[in-house]
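Coordinates as given in query_29.cif (mmCIF, C-alpha atoms):
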data_target
#
loop_
_atom_site.group_PDB
_atom_site.id
_atom_site.type_symbol
_atom_site.label_atom_id
_atom_site.label_comp_id
_atom_site.auth_asym_id
_atom_site.auth_seq_id
_atom_site.Cartn_x
_atom_site.Cartn_y
_atom_site.Cartn_z
ATOM 1 C CA MET A 211 64.150 63.417 109.708
ATOM 2 C CA LYS A 212 64.567 59.714 108.976
ATOM 3 C CA VAL A 213 66.499 58.532 105.940
ATOM 4 C CA ASN A 214 67.073 54.993 104.721
ATOM 5 C CA PHE A 215 69.876 53.977 102.356
ATOM 6 C CA PHE A 216 69.073 50.769 100.497
ATOM 7 C CA THR A 217 70.521 48.714 97.684
ATOM 8 C CA SER A 218 70.359 45.096 96.625
ATOM 9 C CA GLN A 219 74.081 45.267 95.768
ATOM 10 C CA PRO A 220 75.877 46.559 98.879
ATOM 11 C CA TRP A 221 79.129 44.959 97.696
ATOM 12 C CA ALA A 222 79.305 47.130 94.562
ATOM 13 C CA PRO A 223 82.062 49.770 94.749
ATOM 14 C CA CYS A 224 79.628 52.637 94.228
ATOM 15 C CA SER A 225 77.428 51.361 97.071
ATOM 16 C CA GLN A 226 80.411 51.021 99.383
ATOM 17 C CA PHE A 227 81.738 54.489 98.588
ATOM 18 C CA TYR A 228 78.399 56.197 99.235
ATOM 19 C CA GLU A 229 77.758 54.126 102.349
ATOM 20 C CA SER A 230 81.131 54.939 103.885
ATOM 21 C CA ALA A 231 80.547 58.638 103.227
ATOM 22 C CA LEU A 232 76.933 58.845 104.425
ATOM 23 C CA LYS A 233 77.259 56.629 107.477
ATOM 24 C CA ARG A 234 78.742 59.620 109.304
ATOM 25 C CA LEU A 235 75.212 61.053 109.455
ATOM 26 C CA ASP A 236 73.347 59.759 112.502
ATOM 27 C CA TYR A 237 69.891 60.174 110.932
ATOM 28 C CA ILE A 238 70.589 57.697 108.100
ATOM 29 C CA ASN A 239 69.918 53.985 108.506
ATOM 30 C CA PHE A 240 71.126 51.339 106.103
ATOM 31 C CA TYR A 241 69.450 48.404 104.379
ATOM 32 C CA ASP A 242 66.152 48.499 106.279
ATOM 33 C CA THR A 243 63.392 46.904 104.200
ATOM 34 C CA GLN A 244 60.668 48.684 106.189
ATOM 35 C CA PHE A 245 60.531 51.663 103.867
ATOM 36 C CA GLN A 246 57.323 52.977 105.418
ATOM 37 C CA ASN A 247 59.212 54.017 108.557
ATOM 38 C CA TYR A 248 61.170 56.753 106.770
ATOM 39 C CA ASP A 249 60.761 60.200 105.308
ATOM 40 C CA ILE A 250 63.372 59.699 102.593
ATOM 41 C CA LEU A 251 64.556 56.581 100.773
ATOM 42 C CA LEU A 252 67.882 56.552 98.938
ATOM 43 C CA LEU A 253 68.124 53.852 96.276
ATOM 44 C CA LEU A 254 71.211 53.028 94.250
ATOM 45 C CA THR A 255 70.998 52.893 90.478
ATOM 46 C CA TYR A 256 71.039 49.072 90.639
ATOM 47 C CA ASP A 257 67.541 49.173 92.172
ATOM 48 C CA HIS A 258 65.890 51.567 89.741
ATOM 49 C CA GLN A 259 63.290 48.984 88.720
ATOM 50 C CA ILE A 260 61.547 49.046 92.129
ATOM 51 C CA ILE A 261 61.105 52.807 92.379
ATOM 52 C CA LYS A 262 57.753 52.900 90.576
ATOM 53 C CA THR A 263 56.289 50.151 92.785
ATOM 54 C CA VAL A 264 57.556 51.671 96.021
ATOM 55 C CA LYS A 265 56.237 55.092 95.024
ATOM 56 C CA GLU A 266 52.804 53.673 94.256
ATOM 57 C CA LYS A 267 52.655 51.996 97.673
ATOM 58 C CA LEU A 268 54.169 54.899 99.607
ATOM 59 C CA PRO A 269 53.330 58.090 97.688
ATOM 60 C CA LYS A 270 54.425 60.403 100.521
ATOM 61 C CA LEU A 271 57.881 58.839 100.737
ATOM 62 C CA LYS A 272 60.561 60.968 99.098
ATOM 63 C CA ILE A 273 62.645 58.688 96.894
ATOM 64 C CA GLY A 274 66.034 59.622 95.518
ATOM 65 C CA ILE A 275 68.025 57.606 93.000
ATOM 66 C CA ILE A 276 71.787 57.666 93.505
ATOM 67 C CA ASP A 277 74.263 57.535 90.629
ATOM 68 C CA PRO A 278 71.986 56.870 87.619
ATOM 69 C CA ARG A 279 74.820 55.857 85.310
ATOM 70 C CA SER A 280 72.810 55.042 82.187
ATOM 71 C CA SER A 281 69.743 56.099 80.245
ATOM 72 C CA LEU A 282 68.507 52.554 80.880
ATOM 73 C CA VAL A 283 67.359 53.707 84.333
ATOM 74 C CA ARG A 284 65.256 56.547 82.892
ATOM 75 C CA GLU A 285 61.943 55.059 84.080
ATOM 76 C CA GLY A 286 63.255 54.845 87.631
ATOM 77 C CA VAL A 287 64.368 58.468 87.428
ATOM 78 C CA GLU A 288 60.920 59.496 86.197
ATOM 79 C CA HIS A 289 59.289 58.011 89.300
ATOM 80 C CA SER A 290 61.858 59.339 91.752
ATOM 81 C CA ASP A 291 61.553 62.666 93.564
ATOM 82 C CA PHE A 292 65.191 63.701 93.265
ATOM 83 C CA ILE A 293 68.574 62.574 91.974
ATOM 84 C CA ILE A 294 72.020 62.362 93.559
ATOM 85 C CA ILE A 295 74.888 62.496 91.071
ATOM 86 C CA ASP A 296 78.640 62.903 91.389
ATOM 87 C CA SER A 297 79.718 65.107 88.489
ATOM 88 C CA THR A 298 78.864 67.951 86.162
ATOM 89 C CA GLU A 299 78.783 65.447 83.280
ATOM 90 C CA MET A 300 76.031 63.425 84.936
ATOM 91 C CA GLU A 301 74.181 66.535 86.069
ATOM 92 C CA ASP A 302 74.049 67.881 82.539
ATOM 93 C CA PHE A 303 72.638 64.591 81.241
ATOM 94 C CA TRP A 304 69.944 64.283 83.905
ATOM 95 C CA ARG A 305 68.687 67.861 83.720
ATOM 96 C CA VAL A 306 66.257 66.342 81.225
ATOM 97 C CA SER A 307 64.464 64.806 84.230
ATOM 98 C CA ARG A 308 63.333 68.216 85.573
ATOM 99 C CA LYS A 309 63.989 66.792 89.061
ATOM 100 C CA PRO A 310 65.941 68.365 91.930
ATOM 101 C CA ILE A 311 69.567 67.281 91.608
ATOM 102 C CA PHE A 312 72.179 67.183 94.349
ATOM 103 C CA ARG A 313 75.839 66.690 93.500
ATOM 104 C CA TYR A 314 77.770 64.480 95.928
ATOM 105 C CA SER A 315 81.262 63.375 94.975
ATOM 106 C CA GLU A 316 81.948 59.894 96.278
ATOM 107 C CA TYR A 317 85.332 58.186 96.333
ATOM 108 C CA PRO A 318 87.171 55.592 98.446
ATOM 109 C CA ASP A 319 87.190 56.676 102.093
ATOM 110 C CA ILE A 320 90.907 56.986 102.815
ATOM 111 C CA GLU A 321 92.731 59.212 105.285
ATOM 112 C CA TYR A 322 94.566 62.340 104.198
ATOM 113 C CA TYR A 323 98.264 61.740 103.591
ATOM 114 C CA ASP A 324 101.069 64.165 104.461
ATOM 115 C CA LYS A 325 103.016 63.848 101.225
ATOM 116 C CA GLN A 326 106.596 65.086 101.303
ATOM 117 C CA HIS A 327 107.812 65.812 97.766
ATOM 118 C CA THR A 328 111.596 65.697 97.394
ATOM 119 C CA GLN A 329 114.177 65.886 94.630
ATOM 120 C CA LYS A 330 114.487 62.355 93.254
ATOM 121 C CA ASN A 331 116.506 60.515 90.640
ATOM 122 C CA LYS A 332 113.528 58.357 89.702
ATOM 123 C CA VAL A 333 110.071 59.953 89.544
ATOM 124 C CA THR A 334 106.972 57.781 89.900
ATOM 125 C CA ILE A 335 103.824 58.557 87.937
ATOM 126 C CA GLY A 336 100.733 56.892 89.365
ATOM 127 C CA TYR A 337 97.486 55.626 87.845
ATOM 128 C CA HIS A 338 94.484 54.046 89.546
ATOM 129 C CA GLY A 339 91.281 53.082 87.806
ATOM 130 C CA ASN A 340 90.059 50.624 85.219
ATOM 131 C CA LYS A 341 91.657 49.136 82.115
ATOM 132 C CA ILE A 342 89.526 51.095 79.649
ATOM 133 C CA HIS A 343 91.163 54.410 80.429
ATOM 134 C CA LEU A 344 94.582 52.772 80.332
ATOM 135 C CA GLU A 345 93.893 51.413 76.870
ATOM 136 C CA CYS A 346 92.557 54.732 75.648
ATOM 137 C CA MET A 347 95.581 56.658 76.876
ATOM 138 C CA ALA A 348 97.566 54.987 74.080
ATOM 139 C CA GLN A 349 96.421 57.893 71.891
ATOM 140 C CA ASN A 350 98.196 60.603 73.865
ATOM 141 C CA VAL A 351 99.651 59.799 77.308
ATOM 142 C CA THR A 352 101.725 56.822 76.196
ATOM 143 C CA GLU A 353 103.617 58.847 73.591
ATOM 144 C CA ALA A 354 104.246 61.575 76.148
ATOM 145 C CA LEU A 355 105.616 59.101 78.688
ATOM 146 C CA SER A 356 107.795 57.365 76.099
ATOM 147 C CA ASN A 357 109.335 60.688 75.078
ATOM 148 C CA LEU A 358 109.882 61.808 78.664
ATOM 149 C CA GLY A 359 111.489 58.470 79.454
ATOM 150 C CA LYS A 360 114.344 59.379 77.113
ATOM 151 C CA LYS A 361 115.507 62.186 79.408
ATOM 152 C CA HIS A 362 114.115 61.261 82.839
ATOM 153 C CA ASP A 363 114.223 58.097 84.920
ATOM 154 C CA LEU A 364 110.509 57.326 85.227
ATOM 155 C CA GLU A 365 108.365 54.633 86.781
ATOM 156 C CA LEU A 366 104.693 54.158 85.908
ATOM 157 C CA LEU A 367 102.794 52.704 88.862
ATOM 158 C CA ILE A 368 99.520 51.064 87.823
ATOM 159 C CA MET A 369 96.946 50.121 90.459
ATOM 160 C CA HIS A 370 93.907 48.222 89.251
ATOM 161 C CA ASN A 371 91.946 45.063 89.925
ATOM 162 C CA PHE A 372 93.228 43.078 86.937
ATOM 163 C CA PRO A 373 96.241 40.867 86.173
ATOM 164 C CA PRO A 374 99.575 42.636 85.647
ATOM 165 C CA PRO A 375 100.381 43.828 82.108
ATOM 166 C CA ASP A 376 102.707 41.714 79.986
ATOM 167 C CA GLY A 377 104.309 44.627 78.144
ATOM 168 C CA THR A 378 102.547 44.123 74.810
ATOM 169 C CA GLU A 379 99.619 46.414 75.595
ATOM 170 C CA SER A 380 99.116 49.404 73.293
ATOM 171 C CA TRP A 381 99.240 51.757 76.285
ATOM 172 C CA TYR A 382 102.524 50.330 77.608
ATOM 173 C CA PRO A 383 105.171 53.080 77.228
ATOM 174 C CA ASP A 384 108.740 52.705 76.022
ATOM 175 C CA ASN A 385 111.698 53.934 78.101
ATOM 176 C CA VAL A 386 109.660 53.745 81.323
ATOM 177 C CA SER A 387 109.586 50.995 83.946
ATOM 178 C CA VAL A 388 106.067 49.812 84.789
ATOM 179 C CA ARG A 389 105.048 48.429 88.164
ATOM 180 C CA HIS A 390 101.658 46.854 88.772
ATOM 181 C CA VAL A 391 99.991 47.035 92.194
ATOM 182 C CA PRO A 392 96.796 45.053 92.908
ATOM 183 C CA TRP A 393 93.887 47.246 93.908
ATOM 184 C CA SER A 394 93.016 47.265 97.593
ATOM 185 C CA MET A 395 91.914 49.903 100.064
ATOM 186 C CA SER A 396 95.179 49.552 101.964
ATOM 187 C CA ASN A 397 97.261 50.023 98.823
ATOM 188 C CA TYR A 398 96.095 53.612 98.389
ATOM 189 C CA HIS A 399 98.350 54.521 101.315
ATOM 190 C CA LEU A 400 100.864 51.691 101.064
ATOM 191 C CA GLU A 401 101.542 52.018 97.330
ATOM 192 C CA LEU A 402 99.736 54.782 95.449
ATOM 193 C CA SER A 403 100.962 57.379 97.954
ATOM 194 C CA LYS A 404 104.499 56.693 96.671
ATOM 195 C CA ALA A 405 103.612 58.335 93.356
ATOM 196 C CA ASP A 406 105.019 61.800 92.767
ATOM 197 C CA ILE A 407 102.527 62.692 90.036
ATOM 198 C CA GLY A 408 99.052 61.345 89.313
ATOM 199 C CA ILE A 409 97.533 60.923 85.868
ATOM 200 C CA ALA A 410 93.826 60.782 85.074
ATOM 201 C CA PRO A 411 93.354 59.768 81.434
ATOM 202 C CA ASN A 412 89.608 59.705 80.922
ATOM 203 C CA ASN A 413 88.530 60.282 77.352
ATOM 204 C CA ILE A 414 87.413 57.440 75.132
ATOM 205 C CA ILE A 415 88.877 56.531 71.745
ATOM 206 C CA HIS A 416 86.584 57.284 68.818
ATOM 207 C CA ASP A 417 86.740 57.559 65.053
ATOM 208 C CA GLU A 418 87.797 61.054 63.986
ATOM 209 C CA SER A 419 87.225 60.426 60.270
ATOM 210 C CA LEU A 420 84.091 62.557 60.574
ATOM 211 C CA LYS A 421 86.387 65.582 60.719
ATOM 212 C CA SER A 422 87.498 65.194 57.122
ATOM 213 C CA ILE A 423 83.922 64.592 55.988
ATOM 214 C CA LEU A 424 82.626 67.683 57.706
ATOM 215 C CA GLN A 425 85.566 69.790 56.588
ATOM 216 C CA ALA A 426 84.014 69.910 53.140
ATOM 217 C CA ASN A 427 80.864 71.417 54.583
ATOM 218 C CA SER A 428 81.563 75.124 54.987
ATOM 219 C CA LYS A 429 78.122 75.674 56.516
ATOM 220 C CA PHE A 430 79.446 74.663 59.934
ATOM 221 C CA ASN A 431 82.918 76.206 59.545
ATOM 222 C CA CYS A 432 84.438 72.788 60.167
ATOM 223 C CA ASN A 433 88.180 72.425 60.176
ATOM 224 C CA VAL A 434 90.640 69.578 60.592
ATOM 225 C CA ASP A 435 92.059 71.464 63.602
ATOM 226 C CA ASP A 436 88.766 71.194 65.504
ATOM 227 C CA TYR A 437 88.785 69.222 68.730
ATOM 228 C CA SER A 438 86.658 66.105 68.862
ATOM 229 C CA ILE A 439 86.464 64.614 72.359
ATOM 230 C CA ARG A 440 84.448 61.704 73.673
ATOM 231 C CA PHE A 441 83.912 60.960 77.357
ATOM 232 C CA LYS A 442 81.413 58.868 79.306
ATOM 233 C CA MET A 443 78.356 60.433 80.909
ATOM 234 C CA PRO A 444 79.336 59.070 84.351
ATOM 235 C CA SER A 445 82.806 60.622 84.139
ATOM 236 C CA ASN A 446 83.551 62.189 87.508
ATOM 237 C CA PRO A 447 86.332 63.743 89.623
ATOM 238 C CA GLY A 448 86.809 60.743 91.927
ATOM 239 C CA ARG A 449 90.230 59.610 90.691
ATOM 240 C CA ILE A 450 91.549 63.170 90.918
ATOM 241 C CA LEU A 451 90.151 63.601 94.433
ATOM 242 C CA ILE A 452 91.978 60.492 95.649
ATOM 243 C CA PHE A 453 95.277 61.943 94.455
ATOM 244 C CA GLY A 454 94.280 65.109 96.291
ATOM 245 C CA LYS A 455 93.804 63.228 99.540
ATOM 246 C CA LEU A 456 97.300 61.836 99.046
ATOM 247 C CA GLY A 457 98.797 65.275 98.305
ATOM 248 C CA ILE A 458 99.761 64.322 94.749
ATOM 249 C CA PRO A 459 99.388 66.792 91.838
ATOM 250 C CA VAL A 460 97.533 65.593 88.754
ATOM 251 C CA VAL A 461 97.611 65.847 84.990
ATOM 252 C CA ALA A 462 94.240 64.894 83.503
ATOM 253 C CA ASP A 463 92.534 64.637 80.149
ATOM 254 C CA PHE A 464 90.203 67.367 78.907
ATOM 255 C CA TYR A 465 86.815 66.580 80.468
ATOM 256 C CA PRO A 466 84.419 68.759 82.480
ATOM 257 C CA SER A 467 85.214 67.439 85.966
ATOM 258 C CA ALA A 468 88.948 67.843 85.384
ATOM 259 C CA MET A 469 88.469 71.352 84.042
ATOM 260 C CA GLU A 470 86.542 72.292 87.187
ATOM 261 C CA LEU A 471 89.270 71.051 89.504
ATOM 262 C CA LEU A 472 92.476 71.728 87.573
ATOM 263 C CA ALA A 473 91.966 74.307 84.825
ATOM 264 C CA LYS A 474 93.358 77.264 86.801
ATOM 265 C CA GLU A 475 96.713 75.434 87.030
ATOM 266 C CA ARG A 476 96.818 75.710 90.817
ATOM 267 C CA ASN A 477 96.143 72.062 91.617
ATOM 268 C CA GLY A 478 97.419 70.371 88.470
ATOM 269 C CA PHE A 479 97.047 70.516 84.702
ATOM 270 C CA VAL A 480 94.675 69.400 81.960
ATOM 271 C CA ALA A 481 95.905 68.214 78.565
ATOM 272 C CA HIS A 482 94.610 66.585 75.410
ATOM 273 C CA SER A 483 97.399 66.286 72.858
ATOM 274 C CA SER A 484 100.411 64.109 73.514
ATOM 275 C CA ALA A 485 102.594 67.223 73.247
ATOM 276 C CA ALA A 486 100.609 68.967 75.992
ATOM 277 C CA TRP A 487 100.732 65.868 78.191
ATOM 278 C CA GLU A 488 104.488 65.733 77.703
ATOM 279 C CA TYR A 489 104.883 69.440 78.497
ATOM 280 C CA TYR A 490 102.904 69.412 81.737
ATOM 281 C CA LEU A 491 104.299 66.124 82.972
ATOM 282 C CA ASP A 492 107.798 67.426 82.293
ATOM 283 C CA LYS A 493 107.115 70.524 84.409
ATOM 284 C CA LEU A 494 106.106 68.353 87.360
ATOM 285 C CA VAL A 495 108.854 65.776 86.860
ATOM 286 C CA SER A 496 111.462 68.542 86.789
ATOM 287 C CA SER A 497 110.366 70.393 89.929
ATOM 288 C CA HIS A 498 109.613 68.870 93.312
ATOM 289 C CA GLU A 499 108.768 72.396 94.497
ATOM 290 C CA LEU A 500 105.974 72.607 91.917
ATOM 291 C CA ARG A 501 104.789 69.139 92.918
ATOM 292 C CA THR A 502 104.679 70.289 96.535
ATOM 293 C CA THR A 503 102.712 73.449 95.756
ATOM 294 C CA MET A 504 100.204 71.787 93.473
ATOM 295 C CA GLY A 505 99.822 68.711 95.671
ATOM 296 C CA ASN A 506 99.119 70.889 98.700
ATOM 297 C CA ASN A 507 96.679 73.048 96.741
ATOM 298 C CA LEU A 508 94.757 70.021 95.515
ATOM 299 C CA GLN A 509 94.599 68.547 99.005
ATOM 300 C CA ASN A 510 93.318 71.851 100.407
ATOM 301 C CA LEU A 511 90.614 71.904 97.727
ATOM 302 C CA VAL A 512 89.500 68.416 98.748
ATOM 303 C CA ARG A 513 89.418 69.437 102.418
ATOM 304 C CA THR A 514 87.319 72.548 101.856
ATOM 305 C CA GLU A 515 84.962 71.394 99.085
ATOM 306 C CA PHE A 516 84.881 67.609 98.850
ATOM 307 C CA ASP A 517 85.529 66.301 102.351
ATOM 308 C CA PHE A 518 82.651 64.027 103.350
ATOM 309 C CA ASP A 519 81.800 66.123 106.412
ATOM 310 C CA VAL A 520 81.512 69.219 104.197
ATOM 311 C CA GLN A 521 79.349 67.409 101.659
ATOM 312 C CA ASN A 522 77.224 65.854 104.408
ATOM 313 C CA SER A 523 76.394 69.286 105.798
ATOM 314 C CA ARG A 524 75.203 70.326 102.348
ATOM 315 C CA ILE A 525 73.161 67.201 101.741
ATOM 316 C CA THR A 526 71.461 67.588 105.136
ATOM 317 C CA SER A 527 70.254 71.031 104.066
ATOM 318 C CA PHE A 528 69.088 69.537 100.767
ATOM 319 C CA PHE A 529 67.059 66.839 102.530
ATOM 320 C CA GLU A 530 65.532 69.409 104.857
ATOM 321 C CA SER A 531 64.492 71.543 101.891
ATOM 322 C CA LEU A 532 62.814 68.536 100.252
ATOM 323 C CA LEU A 533 60.820 67.736 103.368
ATOM 324 C CA GLY A 534 60.031 71.397 103.974
ATOM 325 C CA GLU A 535 58.496 71.636 100.524
ATOM 326 C CA ALA A 536 56.503 68.473 101.158
ATOM 327 C CA ARG A 537 55.059 69.864 104.396
ATOM 328 C CA ILE A 538 53.883 73.172 102.945
#
Target format structure tokens, applied to this file:
Amino acid sequence: MKVNFFTSQPWAPCSQFYESALKRLDYINFYDTQFQNYDILLLLTYDHQIIKTVKEKLPKLKIGIIDPRSSLVREGVEHSDFIIIDSTEMEDFWRVSRKPIFRYSEYPDIEYYDKQHTQKNKVTIGYHGNKIHLECMAQNVTEALSNLGKKHDLELLIMHNFPPPDGTESWYPDNVSVRHVPWSMSNYHLELSKADIGIAPNNIIHDESLKSILQANSKFNCNVDDYSIRFKMPSNPGRILIFGKLGIPVVADFYPSAMELLAKERNGFVAHSSAAWEYYLDKLVSSHELRTTMGNNLQNLVRTEFDFDVQNSRITSFFESLLGEARI
């Protein structure tokens, strides 16, 4: 079995994450333009526009598109033989393709960290990700942190690839010190590992005025108490898994990937309202024993289900099944 991983944007974070995970497999080559020498070609979403042409030239070549993050790549998906996605959100969306789908959770390739949770005067709550989710957490997480800051000494550690906040941001909490750390691979261990609790705000702000409009329509039994949640199709568990590798328990927004990993309250908590965020964060802030238990549980889940060697064994079987079907 010969597999080639190719993208025109190898510097993109998604490309780097998948490459670092898949390079452990000795039957995969990278960035070879001689596609005809392979049984399977893996193309990143950035290269969706060439799938039709490659398939026409090499009809026997099995082509898989990795991480199709938008409906704009639908034509490329139509001409591919299979899809590799990283979450239940993305899988649900792309079931419309009627193609074989393999779920592979990618994330920065960092070592496991032996986190020792202790009783502390100041508790650090960590965030890593982009600015969008920070801005959106103003609806719920910020209020929770501001309230907790009145009775606990808290630090919010923010790691992202943007300039430090100036304190006027809508997400910036009161009563909590905020420390910005520039994103880098080394800073996962050097800085983010210092967090005692991880947060994964994920849901996107949207207009809830539709609730009051629909409330008048009894046909659908609509009520102002109904939940209305918006999240991106490419939402995924990656940010939670990184905290798991570091042995840090997580509180996350309501979204499918978080529910899969955390809903049983063994590895962390999920919350939507600011009151629920405050409640679950308070439980973790108040007990280093609970942080230890949940951090260890989350790390064990990553080891057994999401470790790259575990996922690589599964994807090898998937590739073999694709080629077996082709040879019948």
Set the distance at 8 Å and use all atoms listed in the file: which residues neighbour His498 of chain A once local chain neighbours fewer than 4 positions away are removed? I'd like the list as an mmCIF file with C-alpha atoms, keeping the file's coordinate frame.
data_model
loop_
_atom_site.group_PDB
_atom_site.id
_atom_site.type_symbol
_atom_site.label_atom_id
_atom_site.label_comp_id
_atom_site.auth_asym_id
_atom_site.auth_seq_id
_atom_site.Cartn_x
_atom_site.Cartn_y
_atom_site.Cartn_z
ATOM 1 C CA HIS A 327 107.812 65.812 97.766
ATOM 2 C CA THR A 328 111.596 65.697 97.394
ATOM 3 C CA GLN A 329 114.177 65.886 94.630
ATOM 4 C CA LEU A 494 106.106 68.353 87.360
ATOM 5 C CA THR A 502 104.679 70.289 96.535
#
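Here atom CA of Thr352 of chain A is placed at a distance of 6.7 Å from atom CA of Tyr382 of chain A.
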Contacts of segment 488-534 of chain A with segment 393-410 of chain A up to 12 Å, shortest pair per row, all atoms listed in the file, as a Markdown table:
| residue | atom | partner | partner_atom | distance |
| --- | --- | --- | --- | --- |
| A:Glu488 | CA | A:Ile409 | CA | 11.8 |
| A:Tyr490 | CA | A:Ile407 | CA | 10.7 |
| A:Leu491 | CA | A:Ile407 | CA | 8.1 |
| A:Asp492 | CA | A:Ile407 | CA | 10.5 |
| A:Lys493 | CA | A:Ile407 | CA | 10.7 |
| A:Leu494 | CA | A:Ile407 | CA | 7.2 |
| A:Val495 | CA | A:Ile407 | CA | 7.7 |
| A:Ser496 | CA | A:Asp406 | CA | 11.1 |
| A:Ser497 | CA | A:Asp406 | CA | 10.5 |
| A:His498 | CA | A:Asp406 | CA | 8.4 |
| A:Glu499 | CA | A:Asp406 | CA | 11.4 |
| A:Leu500 | CA | A:Ile407 | CA | 10.7 |
| A:Arg501 | CA | A:Asp406 | CA | 7.3 |
| A:Thr502 | CA | A:Asp406 | CA | 9.3 |
| A:Met504 | CA | A:Ile407 | CA | 10.0 |
| A:Gly505 | CA | A:Ile407 | CA | 8.7 |
| A:Leu508 | CA | A:Gly408 | CA | 11.5 |
Record the distance separating atom CA of Lys361 of chain A and atom CA of Glu475 of chain A, expressed in Å with one decimal.
24.2 Å
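Minimum distance to Lys270 of chain A across A:Leu364, A:Leu451, A:Leu251, A:Met347 (counting only C-alpha atoms) occurs at A:Leu251.
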Please list as JSON, numbers by chain every residue within 9 Å of Met211 of chain A, counting only C-alpha atoms and excluding residues in the same chain fewer than 5 positions away.
{"A": [237, 238, 248, 249, 250, 529, 530, 533]}
Could you pull out every residue with an atom within 9 Å of (112.5, 52.5, 78.8), file coordinates, counting all atoms listed in the file, and send them as a VMD selection string?
chain A and resid 356 359 to 360 363 to 364 383 to 387
Next, write the just-selected residues to a file, as a PDB file, in the frame of the given file, keeping C-alpha atoms as the atom set.
ATOM      1  CA  SER A 356     107.795  57.365  76.099  1.00  0.00           C
ATOM      2  CA  GLY A 359     111.489  58.470  79.454  1.00  0.00           C
ATOM      3  CA  LYS A 360     114.344  59.379  77.113  1.00  0.00           C
ATOM      4  CA  ASP A 363     114.223  58.097  84.920  1.00  0.00           C
ATOM      5  CA  LEU A 364     110.509  57.326  85.227  1.00  0.00           C
ATOM      6  CA  PRO A 383     105.171  53.080  77.228  1.00  0.00           C
ATOM      7  CA  ASP A 384     108.740  52.705  76.022  1.00  0.00           C
ATOM      8  CA  ASN A 385     111.698  53.934  78.101  1.00  0.00           C
ATOM      9  CA  VAL A 386     109.660  53.745  81.323  1.00  0.00           C
ATOM     10  CA  SER A 387     109.586  50.995  83.946  1.00  0.00           C
TER      11      SER A 387
END
Take the PyMOL selection byres ((chain A and resi 472) around 12), run it mentally on this structure, and tell me the resulting residues as a PyMOL selection string.
chain A and resi 410+447+450-451+454+459-471+473-481+504-505+507-508+511
For this structure, which residues satisfy the selection - the PyMOL selection byres ((chain A and resi 315) around 12) - when it is evaluated on the file as given? I want them as a tab-separated table (two decimals) with C-alpha atoms, in the frame of the given file.
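Heads up, here's the output in out_14.tsv:
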chain	number	residue	atom	x	y	z
A	224	CYS	CA	79.63	52.64	94.23
A	227	PHE	CA	81.74	54.49	98.59
A	228	TYR	CA	78.40	56.20	99.24
A	231	ALA	CA	80.55	58.64	103.23
A	232	LEU	CA	76.93	58.84	104.42
A	276	ILE	CA	71.79	57.67	93.50
A	277	ASP	CA	74.26	57.54	90.63
A	294	ILE	CA	72.02	62.36	93.56
A	295	ILE	CA	74.89	62.50	91.07
A	296	ASP	CA	78.64	62.90	91.39
A	297	SER	CA	79.72	65.11	88.49
A	298	THR	CA	78.86	67.95	86.16
A	300	MET	CA	76.03	63.42	84.94
A	301	GLU	CA	74.18	66.54	86.07
A	312	PHE	CA	72.18	67.18	94.35
A	313	ARG	CA	75.84	66.69	93.50
A	314	TYR	CA	77.77	64.48	95.93
A	316	GLU	CA	81.95	59.89	96.28
A	317	TYR	CA	85.33	58.19	96.33
A	318	PRO	CA	87.17	55.59	98.45
A	319	ASP	CA	87.19	56.68	102.09
A	444	PRO	CA	79.34	59.07	84.35
A	445	SER	CA	82.81	60.62	84.14
A	446	ASN	CA	83.55	62.19	87.51
A	447	PRO	CA	86.33	63.74	89.62
A	448	GLY	CA	86.81	60.74	91.93
A	449	ARG	CA	90.23	59.61	90.69
A	450	ILE	CA	91.55	63.17	90.92
A	451	LEU	CA	90.15	63.60	94.43
A	452	ILE	CA	91.98	60.49	95.65
A	467	SER	CA	85.21	67.44	85.97
A	512	VAL	CA	89.50	68.42	98.75
A	515	GLU	CA	84.96	71.39	99.08
A	516	PHE	CA	84.88	67.61	98.85
A	517	ASP	CA	85.53	66.30	102.35
A	518	PHE	CA	82.65	64.03	103.35
A	519	ASP	CA	81.80	66.12	106.41
A	520	VAL	CA	81.51	69.22	104.20
A	521	GLN	CA	79.35	67.41	101.66
A	522	ASN	CA	77.22	65.85	104.41
A	524	ARG	CA	75.20	70.33	102.35
A	525	ILE	CA	73.16	67.20	101.74
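Shortest separation to Asn350 of chain A among A:Trp304, A:Trp381, A:Phe215, A:Tyr337 occurs at residue A:Trp381, atoms counted being all atoms listed in the file.
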Need the axis-aligned box for segment 356-368 of chain A with 6 Å each side, so what are the centre and edges in Å to one decimal, as lines of an AutoDock Vina configuration file?
center_x = 107.5
center_y = 56.6
center_z = 82.0
size_x = 28.0
size_y = 23.1
size_z = 25.8
I'd like to see the residues matched by the PyMOL selection byres ((chain A and resi 282) around 12) on this file, and ideally I'd get them as a ChimeraX atom specification.
/A:255-259,278-281,283-288
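Going from atom CA of Asn412 of chain A over to atom CA of Asn331 of chain A, you cover 28.6 Å.
When all atoms listed in the file are used to measure the gap to His362 of chain A, the shortest distance among A:Lys332, A:Arg305, A:Lys272, A:Lys233 belongs to A:Lys332.
Counting all atoms listed in the file, the residue from A:Ile415, A:Gly339, A:Asn357, A:Met443 that sits nearest to Pro392 of chain A is A:Gly339.
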